[in-house]
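Undergrad: Before I ask anything, let me first share the structure, which is written out below as structure tokens.
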Amino acid sequence: MKRSFVSCFVICGVFFIAEFAVELTVEPNSTISQVVGVVSAQSPLDEEPEDPRPERKLLPITIEFFNQNEKITAAIEEEEDFEKARELLDRSLERSRRWNERELAFFHRRYANLGQILSDYDLMLEHMKKLLEYREFVKYFVEEEALWLVATLYASQYEDYETALDYIQQWLDLKNDWEEGSKHYAYIGGIYTYMEDYVNTVDWIKRAIERAGEEETDVPEPWWVQLLQAYTELFEENENNPVERDKYLDLSLDLAKFLVYNYRDKVEYWRALSNIFVQQMLVATDEASQEDPSWAYTLESAYHMGILSEEGEYKRVIAGMQSEEAYSRAARVYEEGFDLEIIERNFENLNKYAQMLYASTDMSKAATAYEEAVTYKDDATVLHSLASLYQMTENFSKCITYANRALNATEGELRKPEEVKFLKGVCQFFNNDLDGSEETMEELQTEISSDTEDEGLERLRKSAGQYVDLIDSERERIKWKEYVEEQWRLYLEEKRQS
């Protein structure tokens, strides 16, 4: 990003070396001169003041120079014989006594033009700097062009921002104030961004925005983004200075709101606004601000606008809803994400989806989601959850199945296997498998030491013993029930016979 942003002023056509005849006949704000790009930006004023700079006395041009320049032009533009053009330029510059300073300046200008065609930035820089040695002998706009180009080369191709700023300062000192354009200021702000000097970034981008207003032109979106980045960086730099920190945080918030309002379909601005709300929560000193849900509502608004398209964005919306205990809404976002194939159906996502359903008390759908999750991963914890769910919904057969799978799981860690075994025994009891339940509970009693210091395990051990006693009682109850039923059958049979 660094290279592409700065270099666009060179690569995208900022540099255009005009013909010598153009320099003679065209003023810097003419249509042809605009090809140079940002250097020749139109004045924001309807009528320019008179140029206060002293008029330069330009040396006359010789016929010999015209002839030589035509040969160079033909080699470059008609023949595209760049080696020939280079030889002609070298020969011309070697005979320096033949030419006056103005003519030498234009040979260097032409050489820089050749460097641009060949993408030889060293050559461009070399000859533009040599042109500047003759700056007093060329028109102001030619010197301005050279200064700006040298600056952009240092910034874009060499990342020498200090030197670039030195040439830009020379350019600013030379240029008439009313000829400086908003794009110039934004470019300078960009250099300060790469230098991580965000105070100056803010200064120059704000100047650019103000000048754009004077020019009655729209402010490009990237300028706002660059300003927001600078505010954000300054907020972080002033972490230990609450006054400055909060100032830049407020500026960031206002600008993020502006971006969201003006570019509503750009999810990155909604995300930025949400992040700023989070930062406000983190630095807040009062409880109400520390619990401000604006960050979550911001992303939820973007979700409802239908501009979210990435799994991470959906998950942040879900996290916001979860923080507000809106579990049903969170589950619906999961469902939409699955349906649109934005959220991947995998163990992790299905497990979290099931947790939202469980928290919203939709036990049937939670169980279905958990069951799908364990098709991807034989996770002990989720299998335990499934066993618990099916006990709660009185599906004791499935409770036993998933308790067994939890105890034999190949993945994850079963943190409390004793609880799972107890759960299995309970479900066996209510599934009328008294022998199985008794065996499970007796195993549990054996596995838990009688002198355990873990209170939870001790309770399980006692509860297992109580179930063993309950099983004995249940057997007696069943035996008595069967005896009563048999006696009743015999009574009815005798009655019929009588």
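Order determines the names: the first chain of the structure tokens is A, the second B, and so forth; residues in each chain are numbered 1 upward, and ligands are numbered 1 upward as they are shown.
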Could you pull the residues within 12 Å of Pro60 of chain A, counting only C-alpha atoms, minus those fewer than 2 positions along the same chain, as a list in words?

TA: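 The neighbour list is Leu24, Lys57, Leu58, Thr62, Ile63, Glu64, Phe65, Phe66, Trp99, Asn100, Glu101, Arg102, Glu103, Phe137 and Val138 of chain A.
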
Undergrad: Residues as selected, C-alpha atoms, written as a JSON list (two decimals), in the first residue's frame, can you do that?

TA:
```
[["chain", "number", "residue", "atom", "x", "y", "z"],
["A", 24, "LEU", "CA", 7.50, 28.97, -24.81],
["A", 57, "LYS", "CA", 14.83, 37.36, -18.13],
["A", 58, "LEU", "CA", 14.96, 34.28, -20.33],
["A", 62, "THR", "CA", 19.22, 29.40, -31.01],
["A", 63, "ILE", "CA", 18.21, 27.77, -34.30],
["A", 64, "GLU", "CA", 20.84, 25.13, -33.62],
["A", 65, "PHE", "CA", 19.02, 24.17, -30.41],
["A", 66, "PHE", "CA", 15.71, 23.90, -32.25],
["A", 99, "TRP", "CA", 24.38, 25.99, -25.36],
["A", 100, "ASN", "CA", 23.18, 28.62, -22.94],
["A", 101, "GLU", "CA", 21.83, 27.74, -19.49],
["A", 102, "ARG", "CA", 18.21, 27.73, -20.65],
["A", 103, "GLU", "CA", 18.99, 25.29, -23.45],
["A", 137, "PHE", "CA", 17.03, 30.43, -16.49],
["A", 138, "VAL", "CA", 13.64, 28.74, -16.99]]
```

Undergrad: Can you pull out every residue within 12 Å of Gly337 of chain A, counting only C-alpha atoms, but drop anything in the same chain fewer than 2 positions away, and send it as number ranges by chain?

TA: A: 303, 306, 308-315, 317-318, 330-335, 339-345, 349-350, 353

Undergrad: For segment 279-292 of chain A, find every residue with an atom within 9 Å (counting only C-alpha atoms), except residues of its own chain fewer than 5 positions away, and show them as a PyMOL selection string.

TA: chain A and resi 242+246+249-250+274

Undergrad: Using only C-alpha atoms, can you tell me which of A:Ser437, A:Thr381, A:Ser156, A:Gln391 comes closest to Asp469 of chain A?

TA: A:Ser437

Undergrad: List the spatial neighbours of Asp203 of chain A as an NGL selection string - criterion: any atom at most 10 Å away, only C-alpha atoms, same-chain residues fewer than 3 positions off excluded.

TA: :A and (185-186 or 188-189 or 192 or 198-200 or 206-208 or 227)

Undergrad: In Å to one decimal, how far is atom CA of Asn113 of chain A from atom CA of Gln170 of chain A?

TA: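 Atom-to-atom, atom CA of Gln170 of chain A and atom CA of Asn113 of chain A are spaced 21.8 Å apart.
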
Undergrad: Got a sec: who's within 10 Å of Val225 of chain A, counting only C-alpha atoms, leaving out chain neighbours fewer than 6 positions off, as a ChimeraX atom specification?

TA: /A:231,255-256,259,269

Undergrad: Give me a file of those residues, with N, CA and C atoms, as a compact mmCIF listing (two decimals), in the first residue's frame.

TA:
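So the final result, stored in result.txt, reads:
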```txt
# COMPACT_ATOMS: atom_id res chain seq x y z
N TYR A 231 -6.21 10.21 13.19
CA TYR A 231 -6.86 10.41 14.50
C TYR A 231 -6.71 9.16 15.36
N LEU A 255 -15.79 11.51 12.86
CA LEU A 255 -15.44 11.24 11.46
C LEU A 255 -15.95 9.86 11.02
N ALA A 256 -15.89 8.88 11.90
CA ALA A 256 -16.41 7.56 11.57
C ALA A 256 -17.92 7.63 11.32
N LEU A 259 -18.44 9.06 7.91
CA LEU A 259 -18.16 8.08 6.85
C LEU A 259 -19.30 7.07 6.72
N TYR A 269 -16.36 1.04 7.26
CA TYR A 269 -16.62 2.20 8.10
C TYR A 269 -17.53 1.85 9.28
```

Undergrad: In Å to one decimal, how far is atom CA of Glu411 of chain A from atom CA of Phe347 of chain A?

TA: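 Straight-line distance from atom CA of Phe347 of chain A to atom CA of Glu411 of chain A works out to 11.9 Å.
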
Undergrad: Please measure the separation of atom CA of Ala112 of chain A and atom CA of Trp171 of chain A, giving the value in Å to one decimal.

TA: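 According to the coordinates, atom CA of Ala112 of chain A and atom CA of Trp171 of chain A are separated by 18.5 Å.
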
Undergrad: Can you pull out every residue from segment 308-430 of chain A that DSSP, working from the backbone, puts in helix (DSSP H, G or I), and format the result as a tab-separated table (two decimals) with N, CA and C atoms, in the first residue's frame?

TA:
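Below you can see part-v7.tsv, which holds the result:
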```
chain	number	residue	atom	x	y	z
A	311	GLU	N	-17.55	-14.21	7.22
A	311	GLU	CA	-17.86	-14.95	8.44
A	311	GLU	C	-17.48	-14.17	9.68
A	312	GLY	N	-16.30	-13.54	9.66
A	312	GLY	CA	-15.85	-12.79	10.82
A	312	GLY	C	-16.81	-11.67	11.19
A	313	GLU	N	-17.40	-11.03	10.18
A	313	GLU	CA	-18.35	-9.94	10.43
A	313	GLU	C	-19.62	-10.49	11.07
A	314	TYR	N	-20.11	-11.61	10.58
A	314	TYR	CA	-21.30	-12.24	11.19
A	314	TYR	C	-21.01	-12.63	12.64
A	315	LYS	N	-19.82	-13.13	12.88
A	315	LYS	CA	-19.50	-13.56	14.23
A	315	LYS	C	-19.40	-12.39	15.20
A	316	ARG	N	-18.94	-11.24	14.70
A	316	ARG	CA	-18.91	-10.07	15.58
A	316	ARG	C	-20.32	-9.61	15.91
A	317	VAL	N	-21.23	-9.70	14.95
A	317	VAL	CA	-22.63	-9.38	15.22
A	317	VAL	C	-23.18	-10.33	16.29
A	318	ILE	N	-22.88	-11.60	16.14
A	318	ILE	CA	-23.34	-12.60	17.11
A	318	ILE	C	-22.76	-12.32	18.48
A	319	ALA	N	-21.46	-11.96	18.53
A	319	ALA	CA	-20.82	-11.65	19.82
A	319	ALA	C	-21.51	-10.47	20.49
A	320	GLY	N	-21.90	-9.47	19.69
A	320	GLY	CA	-22.61	-8.33	20.26
A	320	GLY	C	-23.96	-8.72	20.82
A	321	MET	N	-24.69	-9.54	20.10
A	321	MET	CA	-25.99	-10.01	20.58
A	321	MET	C	-25.82	-10.87	21.84
A	322	GLN	N	-24.78	-11.67	21.84
A	322	GLN	CA	-24.53	-12.53	23.00
A	322	GLN	C	-24.22	-11.67	24.23
A	323	SER	N	-23.46	-10.59	24.03
A	323	SER	CA	-23.13	-9.72	25.16
A	323	SER	C	-24.37	-9.06	25.75
A	327	TYR	N	-29.93	-14.17	22.88
A	327	TYR	CA	-29.48	-15.45	22.34
A	327	TYR	C	-30.32	-15.92	21.16
A	328	SER	N	-31.60	-15.64	21.18
A	328	SER	CA	-32.47	-16.05	20.07
A	328	SER	C	-32.06	-15.34	18.79
A	329	ARG	N	-31.78	-14.02	18.90
A	329	ARG	CA	-31.34	-13.26	17.72
A	329	ARG	C	-30.01	-13.78	17.22
A	330	ALA	N	-29.12	-14.08	18.15
A	330	ALA	CA	-27.80	-14.61	17.76
A	330	ALA	C	-27.95	-15.92	17.01
A	331	ALA	N	-28.85	-16.77	17.48
A	331	ALA	CA	-29.08	-18.06	16.81
A	331	ALA	C	-29.60	-17.84	15.39
A	332	ARG	N	-30.47	-16.84	15.20
A	332	ARG	CA	-31.01	-16.58	13.87
A	332	ARG	C	-29.92	-16.08	12.91
A	333	VAL	N	-28.95	-15.32	13.44
A	333	VAL	CA	-27.84	-14.87	12.59
A	333	VAL	C	-27.01	-16.07	12.15
A	334	TYR	N	-26.80	-17.00	13.10
A	334	TYR	CA	-26.09	-18.23	12.73
A	334	TYR	C	-26.85	-18.95	11.61
A	335	GLU	N	-28.16	-19.07	11.76
A	335	GLU	CA	-28.95	-19.80	10.78
A	335	GLU	C	-28.87	-19.15	9.40
A	336	GLU	N	-28.96	-17.82	9.37
A	336	GLU	CA	-28.86	-17.13	8.09
A	336	GLU	C	-27.46	-17.31	7.50
A	337	GLY	N	-26.45	-17.21	8.35
A	337	GLY	CA	-25.08	-17.39	7.89
A	337	GLY	C	-24.86	-18.77	7.29
A	338	PHE	N	-25.42	-19.79	7.93
A	338	PHE	CA	-25.32	-21.15	7.39
A	338	PHE	C	-26.05	-21.25	6.05
A	339	ASP	N	-27.26	-20.69	5.99
A	339	ASP	CA	-28.06	-20.79	4.78
A	339	ASP	C	-27.39	-20.09	3.60
A	347	PHE	N	-17.40	-27.97	13.18
A	347	PHE	CA	-17.63	-28.28	14.58
A	347	PHE	C	-17.74	-27.02	15.43
A	348	GLU	N	-16.78	-26.13	15.26
A	348	GLU	CA	-16.74	-24.94	16.12
A	348	GLU	C	-18.01	-24.10	15.97
A	349	ASN	N	-18.41	-23.82	14.74
A	349	ASN	CA	-19.58	-22.96	14.52
A	349	ASN	C	-20.87	-23.64	14.94
A	350	LEU	N	-21.02	-24.91	14.68
A	350	LEU	CA	-22.24	-25.61	15.09
A	350	LEU	C	-22.32	-25.72	16.60
A	351	ASN	N	-21.18	-25.91	17.26
A	351	ASN	CA	-21.15	-25.97	18.72
A	351	ASN	C	-21.62	-24.65	19.32
A	352	LYS	N	-21.10	-23.52	18.78
A	352	LYS	CA	-21.51	-22.21	19.31
A	352	LYS	C	-22.97	-21.90	18.99
A	353	TYR	N	-23.39	-22.31	17.81
A	353	TYR	CA	-24.81	-22.15	17.44
A	353	TYR	C	-25.68	-22.92	18.43
A	354	ALA	N	-25.30	-24.13	18.76
A	354	ALA	CA	-26.06	-24.94	19.72
A	354	ALA	C	-26.09	-24.27	21.09
A	355	GLN	N	-24.98	-23.65	21.48
A	355	GLN	CA	-24.94	-22.95	22.76
A	355	GLN	C	-25.94	-21.80	22.80
A	356	MET	N	-26.07	-21.07	21.65
A	356	MET	CA	-27.06	-19.98	21.59
A	356	MET	C	-28.47	-20.54	21.73
A	357	LEU	N	-28.73	-21.66	21.07
A	357	LEU	CA	-30.05	-22.28	21.16
A	357	LEU	C	-30.33	-22.76	22.57
A	358	TYR	N	-29.32	-23.35	23.20
A	358	TYR	CA	-29.47	-23.83	24.58
A	358	TYR	C	-29.79	-22.65	25.51
A	359	ALA	N	-29.03	-21.54	25.31
A	359	ALA	CA	-29.24	-20.37	26.16
A	359	ALA	C	-30.62	-19.76	25.95
A	363	MET	N	-34.38	-26.35	23.40
A	363	MET	CA	-33.59	-27.55	23.65
A	363	MET	C	-33.60	-28.52	22.47
A	364	SER	N	-34.73	-28.61	21.79
A	364	SER	CA	-34.82	-29.55	20.68
A	364	SER	C	-33.84	-29.17	19.56
A	365	LYS	N	-33.84	-27.88	19.17
A	365	LYS	CA	-32.93	-27.44	18.11
A	365	LYS	C	-31.48	-27.46	18.59
A	366	ALA	N	-31.27	-27.20	19.88
A	366	ALA	CA	-29.91	-27.26	20.42
A	366	ALA	C	-29.36	-28.67	20.31
A	367	ALA	N	-30.18	-29.65	20.63
A	367	ALA	CA	-29.74	-31.04	20.54
A	367	ALA	C	-29.40	-31.42	19.10
A	368	THR	N	-30.23	-30.95	18.16
A	368	THR	CA	-29.98	-31.25	16.75
A	368	THR	C	-28.66	-30.63	16.29
A	369	ALA	N	-28.40	-29.39	16.73
A	369	ALA	CA	-27.16	-28.72	16.36
A	369	ALA	C	-25.95	-29.41	16.97
A	370	TYR	N	-26.07	-29.80	18.24
A	370	TYR	CA	-24.97	-30.53	18.89
A	370	TYR	C	-24.69	-31.86	18.18
A	371	GLU	N	-25.76	-32.54	17.78
A	371	GLU	CA	-25.59	-33.82	17.10
A	371	GLU	C	-24.84	-33.63	15.78
A	372	GLU	N	-25.16	-32.56	15.05
A	372	GLU	CA	-24.43	-32.30	13.80
A	372	GLU	C	-22.98	-31.94	14.09
A	373	ALA	N	-22.75	-31.21	15.19
A	373	ALA	CA	-21.38	-30.81	15.53
A	373	ALA	C	-20.50	-32.03	15.75
A	380	ALA	N	-15.58	-34.72	23.62
A	380	ALA	CA	-16.13	-35.23	24.88
A	380	ALA	C	-17.08	-34.22	25.54
A	381	THR	N	-16.70	-32.96	25.53
A	381	THR	CA	-17.52	-31.94	26.21
A	381	THR	C	-18.88	-31.80	25.56
A	382	VAL	N	-18.91	-31.75	24.23
A	382	VAL	CA	-20.19	-31.62	23.52
A	382	VAL	C	-21.03	-32.87	23.70
A	383	LEU	N	-20.42	-34.02	23.69
A	383	LEU	CA	-21.15	-35.27	23.92
A	383	LEU	C	-21.77	-35.29	25.32
A	384	HIS	N	-21.04	-34.75	26.29
A	384	HIS	CA	-21.58	-34.61	27.65
A	384	HIS	C	-22.82	-33.71	27.63
A	385	SER	N	-22.70	-32.57	26.89
A	385	SER	CA	-23.84	-31.65	26.79
A	385	SER	C	-25.04	-32.34	26.17
A	386	LEU	N	-24.80	-33.14	25.14
A	386	LEU	CA	-25.89	-33.87	24.50
A	386	LEU	C	-26.56	-34.84	25.47
A	387	ALA	N	-25.75	-35.56	26.22
A	387	ALA	CA	-26.32	-36.49	27.20
A	387	ALA	C	-27.20	-35.75	28.21
A	388	SER	N	-26.72	-34.58	28.66
A	388	SER	CA	-27.49	-33.78	29.62
A	388	SER	C	-28.79	-33.29	29.01
A	389	LEU	N	-28.71	-32.82	27.73
A	389	LEU	CA	-29.91	-32.34	27.05
A	389	LEU	C	-30.96	-33.44	26.95
A	390	TYR	N	-30.54	-34.63	26.58
A	390	TYR	CA	-31.51	-35.70	26.40
A	390	TYR	C	-32.05	-36.20	27.73
A	391	GLN	N	-31.30	-36.03	28.82
A	391	GLN	CA	-31.87	-36.34	30.13
A	391	GLN	C	-32.98	-35.34	30.47
A	392	MET	N	-32.67	-34.03	30.16
A	392	MET	CA	-33.66	-32.99	30.45
A	392	MET	C	-34.94	-33.19	29.63
A	396	PHE	N	-34.22	-40.88	27.41
A	396	PHE	CA	-33.18	-41.55	28.20
A	396	PHE	C	-32.32	-42.50	27.37
A	397	SER	N	-32.88	-43.03	26.32
A	397	SER	CA	-32.09	-43.91	25.46
A	397	SER	C	-30.94	-43.16	24.82
A	398	LYS	N	-31.25	-41.94	24.26
A	398	LYS	CA	-30.20	-41.13	23.65
A	398	LYS	C	-29.24	-40.59	24.70
A	399	CYS	N	-29.76	-40.33	25.88
A	399	CYS	CA	-28.90	-39.88	26.99
A	399	CYS	C	-27.82	-40.91	27.25
A	400	ILE	N	-28.21	-42.17	27.30
A	400	ILE	CA	-27.25	-43.25	27.57
A	400	ILE	C	-26.24	-43.36	26.42
A	401	THR	N	-26.74	-43.27	25.18
A	401	THR	CA	-25.86	-43.38	24.00
A	401	THR	C	-24.77	-42.32	24.04
A	402	TYR	N	-25.17	-41.06	24.29
A	402	TYR	CA	-24.19	-39.97	24.23
A	402	TYR	C	-23.30	-39.93	25.47
A	403	ALA	N	-23.81	-40.42	26.60
A	403	ALA	CA	-22.96	-40.53	27.78
A	403	ALA	C	-21.84	-41.55	27.52
A	404	ASN	N	-22.20	-42.67	26.90
A	404	ASN	CA	-21.18	-43.68	26.55
A	404	ASN	C	-20.15	-43.11	25.58
A	405	ARG	N	-20.66	-42.34	24.58
A	405	ARG	CA	-19.73	-41.74	23.61
A	405	ARG	C	-18.81	-40.72	24.28
A	406	ALA	N	-19.36	-40.00	25.25
A	406	ALA	CA	-18.52	-39.02	25.97
A	406	ALA	C	-17.42	-39.73	26.76
A	407	LEU	N	-17.77	-40.82	27.39
A	407	LEU	CA	-16.79	-41.55	28.19
A	407	LEU	C	-15.71	-42.19	27.33
A	417	PRO	N	-15.44	-36.85	34.21
A	417	PRO	CA	-16.02	-38.14	33.76
A	417	PRO	C	-16.97	-38.73	34.79
A	418	GLU	N	-16.73	-38.46	36.08
A	418	GLU	CA	-17.60	-38.99	37.12
A	418	GLU	C	-19.04	-38.48	36.95
A	419	GLU	N	-19.17	-37.20	36.55
A	419	GLU	CA	-20.50	-36.64	36.35
A	419	GLU	C	-21.20	-37.33	35.18
A	420	VAL	N	-20.43	-37.62	34.13
A	420	VAL	CA	-21.02	-38.29	32.97
A	420	VAL	C	-21.48	-39.70	33.34
A	421	LYS	N	-20.66	-40.39	34.10
A	421	LYS	CA	-21.02	-41.75	34.51
A	421	LYS	C	-22.26	-41.72	35.39
A	422	PHE	N	-22.35	-40.75	36.29
A	422	PHE	CA	-23.53	-40.63	37.15
A	422	PHE	C	-24.77	-40.35	36.27
A	423	LEU	N	-24.60	-39.44	35.29
A	423	LEU	CA	-25.69	-39.10	34.39
A	423	LEU	C	-26.16	-40.35	33.63
A	424	LYS	N	-25.22	-41.14	33.18
A	424	LYS	CA	-25.55	-42.40	32.49
A	424	LYS	C	-26.36	-43.31	33.40
A	425	GLY	N	-25.91	-43.44	34.64
A	425	GLY	CA	-26.62	-44.30	35.59
A	425	GLY	C	-28.03	-43.82	35.84
A	426	VAL	N	-28.22	-42.51	35.95
A	426	VAL	CA	-29.55	-41.94	36.18
A	426	VAL	C	-30.47	-42.27	34.99
A	427	CYS	N	-29.93	-42.06	33.76
A	427	CYS	CA	-30.75	-42.32	32.57
A	427	CYS	C	-31.05	-43.82	32.44
A	428	GLN	N	-30.12	-44.65	32.82
A	428	GLN	CA	-30.40	-46.10	32.82
A	428	GLN	C	-31.53	-46.42	33.78
A	429	PHE	N	-31.50	-45.78	34.93
A	429	PHE	CA	-32.55	-46.02	35.94
A	429	PHE	C	-33.92	-45.67	35.36
A	430	PHE	N	-34.03	-44.48	34.77
A	430	PHE	CA	-35.33	-44.05	34.26
A	430	PHE	C	-35.69	-44.74	32.94
```

Undergrad: Counting only C-alpha atoms, which of A:Tyr483, A:Tyr140, A:Trp148, A:Phe277 gets nearest to Leu165 of chain A?

TA: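 The answer is A:Trp148, which sits nearest to Leu165 of chain A.
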
Undergrad: Under the rule that only C-alpha atoms are counted, which of A:Leu251, A:Leu444, A:Ala164, A:Leu89 is the nearest residue to Gly115 of chain A?

TA: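 Smallest distance to Gly115 of chain A is found for A:Leu89.
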
Undergrad: Counting only C-alpha atoms, which residue out of A:Glu394, A:Glu474, A:Asp173, A:Asp362 sits closest to Glu143 of chain A?

TA: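 Using only C-alpha atoms, the shortest distance to Glu143 of chain A belongs to A:Asp173.
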
Undergrad: So, with only C-alpha atoms as the atoms that count, which of A:Val260, A:Leu93, A:Val202, A:Leu153 lies closest to Leu234 of chain A?

TA: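 When distances to Leu234 of chain A are compared using only C-alpha atoms, the smallest one comes from A:Val202.
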
Undergrad: Which residues, written as a PyMOL selection string, have at least one atom at most 9 Å from Thr163 of chain A, with only C-alpha atoms counted and residues fewer than 6 positions away on the same chain left out?

TA: chain A and resi 151+154-155
